[in-house]
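> Supplied structure: work-v1.tsv, TSV, C-alpha atoms.
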chain	number	residue	atom	x	y	z
A	1	MET	CA	111.92	79.50	4.67
A	2	ASN	CA	111.81	76.22	2.77
A	3	THR	CA	114.09	73.87	4.69
A	4	LYS	CA	115.25	72.30	1.41
A	5	THR	CA	116.94	75.54	0.44
A	6	ILE	CA	118.76	76.22	3.72
A	7	LYS	CA	122.53	76.55	3.37
A	8	HIS	CA	124.58	76.75	6.55
A	9	TYR	CA	128.16	78.00	6.89
A	10	LEU	CA	129.73	75.87	9.62
A	11	GLN	CA	133.09	75.09	8.01
A	12	PHE	CA	135.04	76.54	5.12
A	13	ASN	CA	134.34	73.42	3.06
A	14	ASP	CA	130.60	74.10	3.17
A	15	LEU	CA	130.97	76.20	0.00
A	16	THR	CA	132.57	75.53	-3.38
A	17	ALA	CA	135.30	77.42	-5.20
A	18	ALA	CA	132.66	78.89	-7.52
A	19	GLU	CA	130.60	80.11	-4.56
A	20	TYR	CA	133.68	81.70	-3.01
A	21	ALA	CA	134.50	83.47	-6.26
A	22	TYR	CA	131.00	84.96	-6.19
A	23	ILE	CA	131.22	85.97	-2.52
A	24	PHE	CA	134.62	87.65	-2.99
A	25	GLU	CA	133.30	89.55	-6.00
A	26	ARG	CA	130.20	90.54	-4.08
A	27	ALA	CA	132.24	91.60	-1.04
A	28	ALA	CA	134.28	93.94	-3.25
A	29	PHE	CA	131.06	95.46	-4.61
A	30	ILE	CA	129.56	95.88	-1.12
A	31	LYS	CA	132.78	97.35	0.27
A	32	LYS	CA	132.98	99.85	-2.61
A	33	LYS	CA	129.47	101.05	-1.80
A	34	PHE	CA	130.34	101.31	1.90
A	35	LYS	CA	133.40	103.44	1.16
A	36	ALA	CA	131.32	105.70	-1.09
A	37	TYR	CA	128.62	106.11	1.61
A	38	GLU	CA	126.08	104.51	-0.72
A	39	LYS	CA	123.25	102.55	0.87
A	40	HIS	CA	123.03	98.84	0.17
A	41	GLN	CA	120.14	97.33	2.11
A	42	PRO	CA	118.99	94.05	0.54
A	43	LEU	CA	118.32	92.57	3.99
A	44	ALA	CA	115.69	95.11	5.05
A	45	ASP	CA	113.24	93.59	7.54
A	46	ARG	CA	115.55	90.59	8.10
A	47	THR	CA	116.82	89.75	11.59
A	48	LEU	CA	120.13	88.22	12.65
A	49	ALA	CA	120.42	86.47	16.02
A	50	MET	CA	123.96	86.47	17.41
A	51	ILE	CA	124.69	83.88	20.10
A	52	PHE	CA	127.91	84.21	22.10
A	53	GLU	CA	129.41	81.66	24.44
A	54	LYS	CA	132.90	83.04	23.79
A	55	ALA	CA	133.80	86.70	24.26
A	56	SER	CA	134.16	88.79	21.13
A	57	THR	CA	135.17	92.17	19.75
A	58	ARG	CA	135.61	91.83	15.98
A	59	THR	CA	132.95	89.15	15.52
A	60	ARG	CA	130.27	91.12	17.32
A	61	VAL	CA	131.07	94.51	15.77
A	62	SER	CA	131.50	93.15	12.24
A	63	PHE	CA	128.27	91.13	12.22
A	64	GLU	CA	126.19	93.70	14.08
A	65	ALA	CA	127.36	96.74	12.12
A	66	GLY	CA	127.21	94.77	8.89
A	67	MET	CA	123.63	93.60	9.42
A	68	TYR	CA	122.45	97.12	10.26
A	69	GLN	CA	124.21	98.48	7.16
A	70	MET	CA	122.41	95.87	5.07
A	71	GLY	CA	119.09	97.20	6.38
A	72	GLY	CA	118.43	94.42	8.88
A	73	SER	CA	118.24	94.21	12.66
A	74	VAL	CA	120.15	92.25	15.28
A	75	VAL	CA	119.31	90.31	18.44
A	76	HIS	CA	122.30	89.76	20.73
A	77	LEU	CA	122.22	86.71	23.03
A	78	THR	CA	124.70	85.34	25.54
A	79	THR	CA	124.54	82.15	27.55
A	80	ASP	CA	124.54	84.20	30.77
A	81	GLY	CA	121.53	86.24	29.69
A	82	SER	CA	119.32	83.57	28.13
A	83	GLN	CA	118.00	80.06	28.64
A	84	LEU	CA	120.98	78.82	26.61
A	85	GLY	CA	122.97	79.00	29.83
A	86	ARG	CA	120.30	77.29	31.92
A	87	ALA	CA	120.49	73.80	30.45
A	88	GLU	CA	117.83	74.24	27.76
A	89	PRO	CA	118.68	71.66	25.08
A	90	ILE	CA	120.45	73.14	22.07
A	91	GLU	CA	117.89	71.47	19.84
A	92	ASP	CA	115.01	73.24	21.60
A	93	SER	CA	116.76	76.60	21.45
A	94	ALA	CA	117.35	76.14	17.72
A	95	LYS	CA	113.72	75.31	17.04
A	96	VAL	CA	112.50	78.39	18.93
A	97	ILE	CA	115.07	81.00	17.88
A	98	SER	CA	114.96	80.03	14.20
A	99	ARG	CA	111.19	80.61	14.13
A	100	MET	CA	111.72	84.25	15.10
A	101	VAL	CA	114.74	85.35	13.06
A	102	ASP	CA	116.09	84.91	9.54
A	103	LEU	CA	119.71	84.09	10.26
A	104	VAL	CA	121.77	82.88	13.24
A	105	MET	CA	125.46	83.44	13.99
A	106	ILE	CA	127.00	81.39	16.81
A	107	ARG	CA	130.38	81.79	18.52
A	108	THR	CA	130.92	78.84	20.82
A	109	TYR	CA	133.29	76.11	21.94
A	110	GLU	CA	132.76	72.63	20.46
A	111	GLN	CA	131.91	72.35	16.77
A	112	THR	CA	129.31	69.73	17.68
A	113	LYS	CA	127.24	72.43	19.41
A	114	ILE	CA	126.82	74.52	16.29
A	115	GLU	CA	126.19	71.40	14.21
A	116	ARG	CA	123.40	70.32	16.57
A	117	PHE	CA	121.87	73.80	16.44
A	118	ALA	CA	122.02	73.89	12.64
A	119	GLU	CA	120.43	70.46	12.37
A	120	HIS	CA	117.29	71.81	14.07
A	121	SER	CA	117.32	75.34	12.65
A	122	ARG	CA	114.80	76.57	10.07
A	123	VAL	CA	117.22	79.32	8.96
A	124	PRO	CA	120.90	79.51	7.91
A	125	VAL	CA	123.47	79.21	10.69
A	126	ILE	CA	126.93	80.81	10.49
A	127	ASN	CA	129.99	79.75	12.46
A	128	GLY	CA	131.40	82.85	14.17
A	129	LEU	CA	134.12	80.69	15.74
A	130	THR	CA	134.42	77.27	17.35
A	131	ASN	CA	137.35	75.40	18.87
A	132	GLU	CA	137.82	73.59	15.58
A	133	PHE	CA	137.10	76.18	12.87
A	134	HIS	CA	136.98	79.91	12.13
A	135	PRO	CA	135.68	80.13	8.55
A	136	CYS	CA	134.60	83.79	8.58
A	137	GLN	CA	138.10	84.89	9.54
A	138	ILE	CA	139.74	82.94	6.74
A	139	LEU	CA	137.10	84.31	4.37
A	140	ALA	CA	138.27	87.80	5.35
A	141	ASP	CA	141.96	86.87	5.14
A	142	ILE	CA	141.68	85.51	1.62
A	143	PHE	CA	139.62	88.49	0.49
A	144	THR	CA	142.31	90.78	1.93
A	145	TYR	CA	145.01	88.87	0.07
A	146	ILE	CA	143.06	89.17	-3.18
A	147	GLU	CA	142.67	92.93	-2.65
A	148	HIS	CA	146.41	93.40	-2.23
A	149	ARG	CA	147.95	90.73	-4.46
A	150	GLY	CA	145.26	89.25	-6.74
A	151	SER	CA	144.36	85.58	-7.01
A	152	ILE	CA	145.49	83.26	-4.24
A	153	LEU	CA	145.54	80.30	-6.64
A	154	GLY	CA	148.97	78.63	-6.58
A	155	LYS	CA	150.32	80.81	-3.78
A	156	THR	CA	152.11	79.70	-0.62
A	157	ILE	CA	150.80	80.55	2.83
A	158	ALA	CA	153.04	80.06	5.88
A	159	TRP	CA	151.22	79.20	9.10
A	160	VAL	CA	153.48	79.67	12.13
A	161	GLY	CA	152.19	78.68	15.56
A	162	ASP	CA	149.40	76.59	17.02
A	163	GLY	CA	147.60	73.88	15.05
A	164	ASN	CA	144.30	75.48	16.06
A	165	ASN	CA	140.97	76.44	14.50
A	166	MET	CA	142.65	78.98	12.23
A	167	ALA	CA	145.17	76.44	10.97
A	168	ASN	CA	142.42	73.88	10.38
A	169	THR	CA	140.45	76.39	8.34
A	170	TRP	CA	143.45	77.53	6.29
A	171	LEU	CA	144.01	73.89	5.36
A	172	GLN	CA	140.39	73.44	4.30
A	173	ALA	CA	140.64	76.59	2.20
A	174	SER	CA	143.83	75.37	0.51
A	175	GLU	CA	142.06	72.25	-0.76
A	176	ILE	CA	139.16	74.23	-2.18
A	177	LEU	CA	140.96	77.26	-3.62
A	178	GLY	CA	144.16	75.66	-4.87
A	179	PHE	CA	147.00	77.07	-2.81
A	180	THR	CA	149.61	75.50	-0.50
A	181	VAL	CA	150.00	75.96	3.25
A	182	HIS	CA	153.38	75.56	4.95
A	183	VAL	CA	152.61	74.56	8.54
A	184	SER	CA	155.07	74.88	11.40
A	185	THR	CA	153.97	74.14	14.95
A	186	PRO	CA	155.80	73.07	18.11
A	187	SER	CA	155.84	69.36	18.87
A	188	GLY	CA	152.56	68.35	20.47
A	189	TYR	CA	150.58	71.17	18.85
A	190	GLU	CA	150.36	69.82	15.31
A	191	VAL	CA	147.35	70.05	13.03
A	192	ASP	CA	145.21	66.91	13.09
A	193	GLN	CA	144.21	66.12	9.50
A	194	ASP	CA	141.11	64.25	10.65
A	195	ILE	CA	139.88	67.13	12.83
A	196	ALA	CA	140.65	69.57	10.03
A	197	GLY	CA	138.42	67.48	7.77
A	198	LEU	CA	140.93	67.15	4.93
A	199	ARG	CA	140.64	64.67	2.10
A	200	SER	CA	144.43	64.39	1.71
A	201	SER	CA	147.70	66.06	2.64
A	202	ASP	CA	148.42	67.26	-0.89
A	203	SER	CA	147.71	70.94	-0.19
A	204	TYR	CA	149.98	71.40	2.81
A	205	LYS	CA	153.54	70.70	3.94
A	206	VAL	CA	154.79	70.39	7.52
A	207	PHE	CA	158.04	71.99	8.70
A	208	LYS	CA	159.70	71.60	12.09
A	209	ASP	CA	161.59	74.87	11.56
A	210	PRO	CA	159.32	77.94	11.17
A	211	MET	CA	162.05	79.70	9.18
A	212	GLN	CA	161.83	76.98	6.55
A	213	ALA	CA	158.04	77.22	6.52
A	214	CYS	CA	158.33	80.92	5.70
A	215	ALA	CA	160.81	80.40	2.86
A	216	GLY	CA	159.31	81.77	-0.35
A	217	ALA	CA	155.89	82.39	1.21
A	218	ASP	CA	153.48	84.89	-0.30
A	219	LEU	CA	151.75	85.36	3.04
A	220	VAL	CA	152.90	84.71	6.61
A	221	THR	CA	150.21	84.40	9.25
A	222	THR	CA	149.84	83.39	12.88
A	223	ASP	CA	147.57	83.52	15.92
A	224	VAL	CA	147.90	83.78	19.68
A	225	TRP	CA	149.69	80.91	21.38
A	226	THR	CA	146.80	80.29	23.77
A	227	SER	CA	143.31	80.35	22.28
A	228	MET	CA	140.16	80.91	24.33
A	229	GLY	CA	139.33	77.83	26.35
A	230	TYR	CA	142.98	76.80	26.78
A	231	GLU	CA	144.04	79.40	29.34
A	232	ALA	CA	145.14	76.73	31.85
A	233	GLU	CA	147.90	75.77	29.37
A	234	ASN	CA	149.20	79.32	29.00
A	235	GLU	CA	152.57	78.97	30.79
A	236	ALA	CA	153.37	75.63	29.18
A	237	ARG	CA	152.51	77.07	25.78
A	238	LYS	CA	154.76	80.10	26.28
A	239	THR	CA	157.68	77.73	26.79
A	240	ALA	CA	156.78	75.41	23.91
A	241	PHE	CA	156.15	78.24	21.41
A	242	ALA	CA	159.20	80.40	22.24
A	243	ASP	CA	160.78	79.81	18.80
A	244	TRP	CA	157.51	80.40	16.92
A	245	CYS	CA	157.41	84.20	17.11
A	246	VAL	CA	157.03	85.71	13.64
A	247	ASP	CA	159.89	88.19	13.51
A	248	GLN	CA	161.68	90.21	10.87
A	249	ASP	CA	164.02	87.32	10.04
A	250	MET	CA	161.06	85.11	9.18
A	251	MET	CA	159.54	87.83	7.04
A	252	ARG	CA	162.85	88.32	5.24
A	253	ASN	CA	162.82	84.59	4.46
A	254	ALA	CA	159.45	84.97	2.75
A	255	LYS	CA	159.05	86.68	-0.63
A	256	PRO	CA	159.99	90.37	-0.69
A	257	ASP	CA	156.36	91.37	-1.23
A	258	ALA	CA	154.94	88.88	1.28
A	259	LEU	CA	152.06	90.07	3.46
A	260	PHE	CA	151.65	89.48	7.18
A	261	MET	CA	148.27	88.70	8.74
A	262	HIS	CA	146.98	88.05	12.25
A	263	CYS	CA	143.33	87.52	13.20
A	264	LEU	CA	143.76	89.57	16.43
A	265	PRO	CA	143.92	90.19	19.31
A	266	ALA	CA	147.72	90.05	19.17
A	267	HIS	CA	150.41	89.82	21.83
A	268	ARG	CA	153.45	91.72	20.59
A	269	GLY	CA	156.62	89.98	21.64
A	270	GLU	CA	154.94	86.58	21.82
A	271	GLU	CA	153.52	85.17	18.57
A	272	VAL	CA	154.60	88.23	16.56
A	273	ALA	CA	157.24	90.92	16.88
A	274	ALA	CA	156.00	94.50	17.11
A	275	GLU	CA	158.20	95.40	14.12
A	276	VAL	CA	156.25	92.90	12.00
A	277	ILE	CA	152.64	93.54	13.01
A	278	ASP	CA	153.21	97.31	12.92
A	279	GLY	CA	155.49	97.15	9.89
A	280	PRO	CA	154.93	97.85	6.19
A	281	GLN	CA	154.08	94.25	5.24
A	282	SER	CA	151.29	93.98	7.80
A	283	VAL	CA	147.69	94.24	6.61
A	284	VAL	CA	146.04	93.28	9.90
A	285	TRP	CA	143.83	96.38	10.12
A	286	GLU	CA	142.44	95.93	6.60
A	287	GLU	CA	142.04	92.24	7.42
A	288	ALA	CA	140.00	93.09	10.53
A	289	GLU	CA	137.77	95.53	8.63
A	290	ASN	CA	137.20	93.00	5.89
A	291	ARG	CA	135.48	90.67	8.34
A	292	MET	CA	132.50	92.99	8.03
A	293	HIS	CA	132.49	93.20	4.24
A	294	VAL	CA	132.85	89.48	3.51
A	295	GLN	CA	130.28	88.62	6.18
A	296	LYS	CA	127.83	91.03	4.60
A	297	ALA	CA	128.34	89.25	1.28
A	298	LEU	CA	128.00	85.88	3.02
A	299	MET	CA	124.75	86.81	4.81
A	300	GLU	CA	123.30	88.20	1.59
A	301	TYR	CA	124.22	84.99	-0.24
A	302	LEU	CA	122.83	82.64	2.40
A	303	LEU	CA	119.51	84.53	2.49
A	304	LEU	CA	119.06	85.66	-1.11
A	305	GLY	CA	121.33	83.46	-3.21
A	306	GLN	CA	123.28	84.91	-6.14
A	307	ILE	CA	122.19	88.36	-7.24
A	308	ASN	CA	122.71	89.09	-10.92
Could I get this structure in the form of structure tokens?

Amino acid sequence: MNTKTIKHYLQFNDLTAAEYAYIFERAAFIKKKFKAYEKHQPLADRTLAMIFEKASTRTRVSFEAGMYQMGGSVVHLTTDGSQLGRAEPIEDSAKVISRMVDLVMIRTYEQTKIERFAEHSRVPVINGLTNEFHPCQILADIFTYIEHRGSILGKTIAWVGDGNNMANTWLQASEILGFTVHVSTPSGYEVDQDIAGLRSSDSYKVFKDPMQACAGADLVTTDVWTSMGYEAENEARKTAFADWCVDQDMMRNAKPDALFMHCLPAHRGEEVAAEVIDGPQSVVWEEAENRMHVQKALMEYLLLGQIN
């Protein structure tokens, strides 16, 4: 592959609004074919390498199943089962692996790791999750919103919980796609605008009270209180986040037709009440499935560009 044409997907702001419009349209087309049991295999003879430092269910299944459905093949690597876990420099691993495959997905800890890999990769690299960002999940969330409610332009998204990788990515998306995020986190767990990589604070508002953040929201969303890599803080977080459980009162404070999303896995009774995640406003199962469809569209775009 000509290195001048390589496009990586390491953060949500790596693509433009126009590119997202194309990917969402393409994802709808690909999903329609999937539901009709029609083959769509533009990535025949292409290979995806998946590298996992963090455990995964949805990321592995969605990328692996999606690549096979697109006609390609998959190589699954973990740090325990490869030289990646034996102190081989990331740069060397990138140079070797990218000579043998067409696309790389990495799920790891620090964002700097995936950036270093991408810098030395001859093929596109996709962020499957880092401590700082989770762009593929937000890609799926927005696509799910569009499926159910139409354009997200001008809408209000309520983020209730930790100022984590999901929150950072929602804020990046709000700048690019023209919606507003209401952020409510406990003290000490706020979103850091610099880490989130935001140009300004115009696309989000901060609320101390999660009920106020949910007021008038078109979508209410949250995540676990303790993300992977922060398990030592679990008990302290349970205490700090006690008032940040998305319950029926919060949903009633949002718009009557507001949706609820969660990237999963979920802990009922902690960050979300069972009545909410299993209730009529929840679209978490469609959201989870849509990881596969949007990632198929993303992989197709990164490898083949726009298809007319």
> Please list as a list in words every residue within 7 Å of stretch 149-155 of chain A, counting only C-alpha atoms and excluding residues in the same chain fewer than 4 positions away.
Tyr145, Leu177, Gly178, Phe179, Thr180 and Asp218 of chain A
> One decimal, Å: what's the distance from atom CA of A:Ala65 over to atom CA of A:Leu43, could you say?
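The value is 12.9 Å.
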> Counting only C-alpha atoms, write as a list in words all protein and nucleic acid residues lying at most 12 Å from (139.6, 82.6, 26.8) in the file's frame.
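Applying the cut-off with only C-alpha atoms, one gets Glu53, Lys54, Ala55, Ser56, Thr108, Tyr109, Asn131, Val224, Trp225, Thr226, Ser227, Met228, Gly229, Tyr230, Glu231, Ala232, Glu233, Asn234 and Pro265 of chain A.
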> From the options A:Ala297, A:Leu171, A:Ile6, A:Ile30, which residue's atoms come nearest to A:Ile138, counting all atoms listed in the file?
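Ranked by minimum distance to A:Ile138, first place goes to A:Leu171.
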> Using all atoms listed in the file, I'd like a table of the residues in stretch 23-68 of chain A that come within 9 Å of stretch 280-296 of chain A; for each, show the closest atom pair and its distance in Å rounded to one decimal, ordered by chain and ascending number, as CSV.

residue,atom,partner,partner_atom,distance
A:Ile23,CA,A:Val294,CA,7.2
A:Phe24,CA,A:Val294,CA,7.0
A:Arg26,CA,A:Val294,CA,8.1
A:Ala27,CA,A:Val294,CA,5.1
A:Ala28,CA,A:His293,CA,7.7
A:Ile30,CA,A:His293,CA,6.7
A:Lys31,CA,A:His293,CA,5.8
A:Phe34,CA,A:His293,CA,8.7
A:Arg58,CA,A:Ala288,CA,7.1
A:Thr59,CA,A:Arg291,CA,7.8
A:Val61,CA,A:Met292,CA,8.0
A:Ser62,CA,A:Met292,CA,4.3
A:Phe63,CA,A:Met292,CA,6.2
A:Glu64,CA,A:Met292,CA,8.8
A:Ala65,CA,A:Met292,CA,7.6
A:Gly66,CA,A:Met292,CA,5.6
A:Met67,CA,A:Lys296,CA,6.9
> I'd like the neighbourhood of A:Tyr22 as a ChimeraX atom specification, where a residue qualifies if any of its atoms comes within 12 Å (using all atoms listed in the file), though same-chain residues fewer than 4 positions away should be ignored.
/A:15-18,26-29,143,294,297-298,300-301,305-308
> Would you list the contacts of stretch 207-217 of chain A as number ranges by chain, taking every protein, DNA or RNA residue within 10 Å and counting all atoms listed in the file, but skipping same-chain residues closer than 6 positions in sequence?
A: 155-161, 180-187, 243-247, 249-259
> Just write the chosen residues, C-alpha atoms, as a PDB file, keeping the file's coordinate frame.

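Output file result-v2.pdb is given in full below:
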ATOM      1  CA  LYS A 155     150.320  80.810  -3.780  1.00  0.00           C
ATOM      2  CA  THR A 156     152.110  79.700  -0.620  1.00  0.00           C
ATOM      3  CA  ILE A 157     150.800  80.550   2.830  1.00  0.00           C
ATOM      4  CA  ALA A 158     153.040  80.060   5.880  1.00  0.00           C
ATOM      5  CA  TRP A 159     151.220  79.200   9.100  1.00  0.00           C
ATOM      6  CA  VAL A 160     153.480  79.670  12.130  1.00  0.00           C
ATOM      7  CA  GLY A 161     152.190  78.680  15.560  1.00  0.00           C
ATOM      8  CA  THR A 180     149.610  75.500  -0.500  1.00  0.00           C
ATOM      9  CA  VAL A 181     150.000  75.960   3.250  1.00  0.00           C
ATOM     10  CA  HIS A 182     153.380  75.560   4.950  1.00  0.00           C
ATOM     11  CA  VAL A 183     152.610  74.560   8.540  1.00  0.00           C
ATOM     12  CA  SER A 184     155.070  74.880  11.400  1.00  0.00           C
ATOM     13  CA  THR A 185     153.970  74.140  14.950  1.00  0.00           C
ATOM     14  CA  PRO A 186     155.800  73.070  18.110  1.00  0.00           C
ATOM     15  CA  SER A 187     155.840  69.360  18.870  1.00  0.00           C
ATOM     16  CA  ASP A 243     160.780  79.810  18.800  1.00  0.00           C
ATOM     17  CA  TRP A 244     157.510  80.400  16.920  1.00  0.00           C
ATOM     18  CA  CYS A 245     157.410  84.200  17.110  1.00  0.00           C
ATOM     19  CA  VAL A 246     157.030  85.710  13.640  1.00  0.00           C
ATOM     20  CA  ASP A 247     159.890  88.190  13.510  1.00  0.00           C
ATOM     21  CA  ASP A 249     164.020  87.320  10.040  1.00  0.00           C
ATOM     22  CA  MET A 250     161.060  85.110   9.180  1.00  0.00           C
ATOM     23  CA  MET A 251     159.540  87.830   7.040  1.00  0.00           C
ATOM     24  CA  ARG A 252     162.850  88.320   5.240  1.00  0.00           C
ATOM     25  CA  ASN A 253     162.820  84.590   4.460  1.00  0.00           C
ATOM     26  CA  ALA A 254     159.450  84.970   2.750  1.00  0.00           C
ATOM     27  CA  LYS A 255     159.050  86.680  -0.630  1.00  0.00           C
ATOM     28  CA  PRO A 256     159.990  90.370  -0.690  1.00  0.00           C
ATOM     29  CA  ASP A 257     156.360  91.370  -1.230  1.00  0.00           C
ATOM     30  CA  ALA A 258     154.940  88.880   1.280  1.00  0.00           C
ATOM     31  CA  LEU A 259     152.060  90.070   3.460  1.00  0.00           C
TER      32      LEU A 259
END
> For atom CA of A:Thr112 and atom CA of A:Met50, quote the distance in Å rounded to one decimal.
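Result for atom CA of A:Thr112 versus atom CA of A:Met50: 17.6 Å, one decimal.
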> If you count only C-alpha atoms, which residues fall within 9 Å of A:Ala94, apart from same-chain ones fewer than 6 positions away, as a PyMOL selection string?
chain A and resi 116-122
> For each of A:Thr47, A:Gln137, A:Lys39, A:Thr222, take the minimum atom-to-atom distance to A:Asp162, counting all atoms listed in the file, then give the residue where this is smallest.
A:Thr222
> Which residues, written as a list in words, have at least one atom at most 12 Å from A:Val75, with all atoms listed in the file counted and residues fewer than 5 positions away on the same chain left out?
Arg46, Thr47, Leu48, Ala49, Met50, Ile51, Phe52, Arg60, Phe63, Glu64, Met67, Tyr68, Ser82, Ile97, Ser98, Met100, Val101, Asp102, Leu103, Val104, Met105 and Ile106 of chain A
> Please determine, counting only C-alpha atoms, which residue among A:Tyr204, A:Ala236, A:His76, A:Ile126 has the shortest atom-to-atom distance to A:Lys7.
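With only C-alpha atoms as the atom set, the closest residue is A:Ile126.
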> Atoms are missing here; could stretch 190-212 of chain A be completed with N, CA and C atoms and written as an mmCIF file, in the frame of the given file?

data_model
loop_
_atom_site.group_PDB
_atom_site.id
_atom_site.type_symbol
_atom_site.label_atom_id
_atom_site.label_comp_id
_atom_site.auth_asym_id
_atom_site.auth_seq_id
_atom_site.Cartn_x
_atom_site.Cartn_y
_atom_site.Cartn_z
ATOM 1 N N GLU A 190 150.522 69.966 16.751
ATOM 2 C CA GLU A 190 150.360 69.820 15.310
ATOM 3 C C GLU A 190 148.889 69.882 14.891
ATOM 4 N N VAL A 191 148.679 70.129 13.617
ATOM 5 C CA VAL A 191 147.350 70.050 13.030
ATOM 6 C C VAL A 191 146.963 68.572 12.903
ATOM 7 N N ASP A 192 145.742 68.263 13.255
ATOM 8 C CA ASP A 192 145.210 66.910 13.090
ATOM 9 C C ASP A 192 144.395 66.887 11.806
ATOM 10 N N GLN A 193 144.860 66.132 10.812
ATOM 11 C CA GLN A 193 144.210 66.120 9.500
ATOM 12 C C GLN A 193 142.770 65.670 9.598
ATOM 13 N N ASP A 194 142.485 64.736 10.503
ATOM 14 C CA ASP A 194 141.110 64.250 10.650
ATOM 15 C C ASP A 194 140.198 65.332 11.215
ATOM 16 N N ILE A 195 140.675 66.050 12.254
ATOM 17 C CA ILE A 195 139.880 67.130 12.830
ATOM 18 C C ILE A 195 139.677 68.244 11.806
ATOM 19 N N ALA A 196 140.738 68.519 11.051
ATOM 20 C CA ALA A 196 140.650 69.570 10.030
ATOM 21 C C ALA A 196 139.685 69.190 8.906
ATOM 22 N N GLY A 197 139.379 67.917 8.782
ATOM 23 C CA GLY A 197 138.420 67.480 7.770
ATOM 24 C C GLY A 197 138.989 67.504 6.361
ATOM 25 N N LEU A 198 140.271 67.120 6.232
ATOM 26 C CA LEU A 198 140.930 67.150 4.930
ATOM 27 C C LEU A 198 140.803 65.811 4.219
ATOM 28 N N ARG A 199 140.708 65.893 2.901
ATOM 29 C CA ARG A 199 140.640 64.670 2.100
ATOM 30 C C ARG A 199 142.015 64.033 1.942
ATOM 31 N N SER A 200 143.059 64.883 1.892
ATOM 32 C CA SER A 200 144.430 64.390 1.710
ATOM 33 C C SER A 200 145.402 65.412 2.289
ATOM 34 N N SER A 201 146.680 65.121 2.176
ATOM 35 C CA SER A 201 147.700 66.060 2.640
ATOM 36 C C SER A 201 148.396 66.764 1.478
ATOM 37 N N ASP A 202 147.784 66.715 0.316
ATOM 38 C CA ASP A 202 148.420 67.260 -0.890
ATOM 39 C C ASP A 202 148.567 68.774 -0.872
ATOM 40 N N SER A 203 147.698 69.473 -0.127
ATOM 41 C CA SER A 203 147.710 70.940 -0.190
ATOM 42 C C SER A 203 148.498 71.596 0.933
ATOM 43 N N TYR A 204 149.172 70.790 1.756
ATOM 44 C CA TYR A 204 149.980 71.400 2.810
ATOM 45 C C TYR A 204 151.258 70.609 3.065
ATOM 46 N N LYS A 205 152.253 71.304 3.592
ATOM 47 C CA LYS A 205 153.540 70.700 3.940
ATOM 48 C C LYS A 205 153.867 71.094 5.385
ATOM 49 N N VAL A 206 154.469 70.162 6.115
ATOM 50 C CA VAL A 206 154.790 70.390 7.520
ATOM 51 C C VAL A 206 156.292 70.624 7.677
ATOM 52 N N PHE A 207 156.643 71.646 8.454
ATOM 53 C CA PHE A 207 158.040 71.990 8.700
ATOM 54 C C PHE A 207 158.277 72.100 10.208
ATOM 55 N N LYS A 208 159.343 71.468 10.677
ATOM 56 C CA LYS A 208 159.700 71.600 12.090
ATOM 57 C C LYS A 208 160.249 72.992 12.381
ATOM 58 N N ASP A 209 160.945 73.560 11.410
ATOM 59 C CA ASP A 209 161.590 74.870 11.560
ATOM 60 C C ASP A 209 160.679 75.945 10.944
ATOM 61 N N PRO A 210 160.197 76.899 11.735
ATOM 62 C CA PRO A 210 159.320 77.940 11.170
ATOM 63 C C PRO A 210 160.014 78.795 10.121
ATOM 64 N N MET A 211 161.335 78.947 10.204
ATOM 65 C CA MET A 211 162.050 79.700 9.180
ATOM 66 C C MET A 211 161.910 79.028 7.825
ATOM 67 N N GLN A 212 161.985 77.709 7.804
ATOM 68 C CA GLN A 212 161.830 76.980 6.550
ATOM 69 C C GLN A 212 160.404 77.078 6.024
#
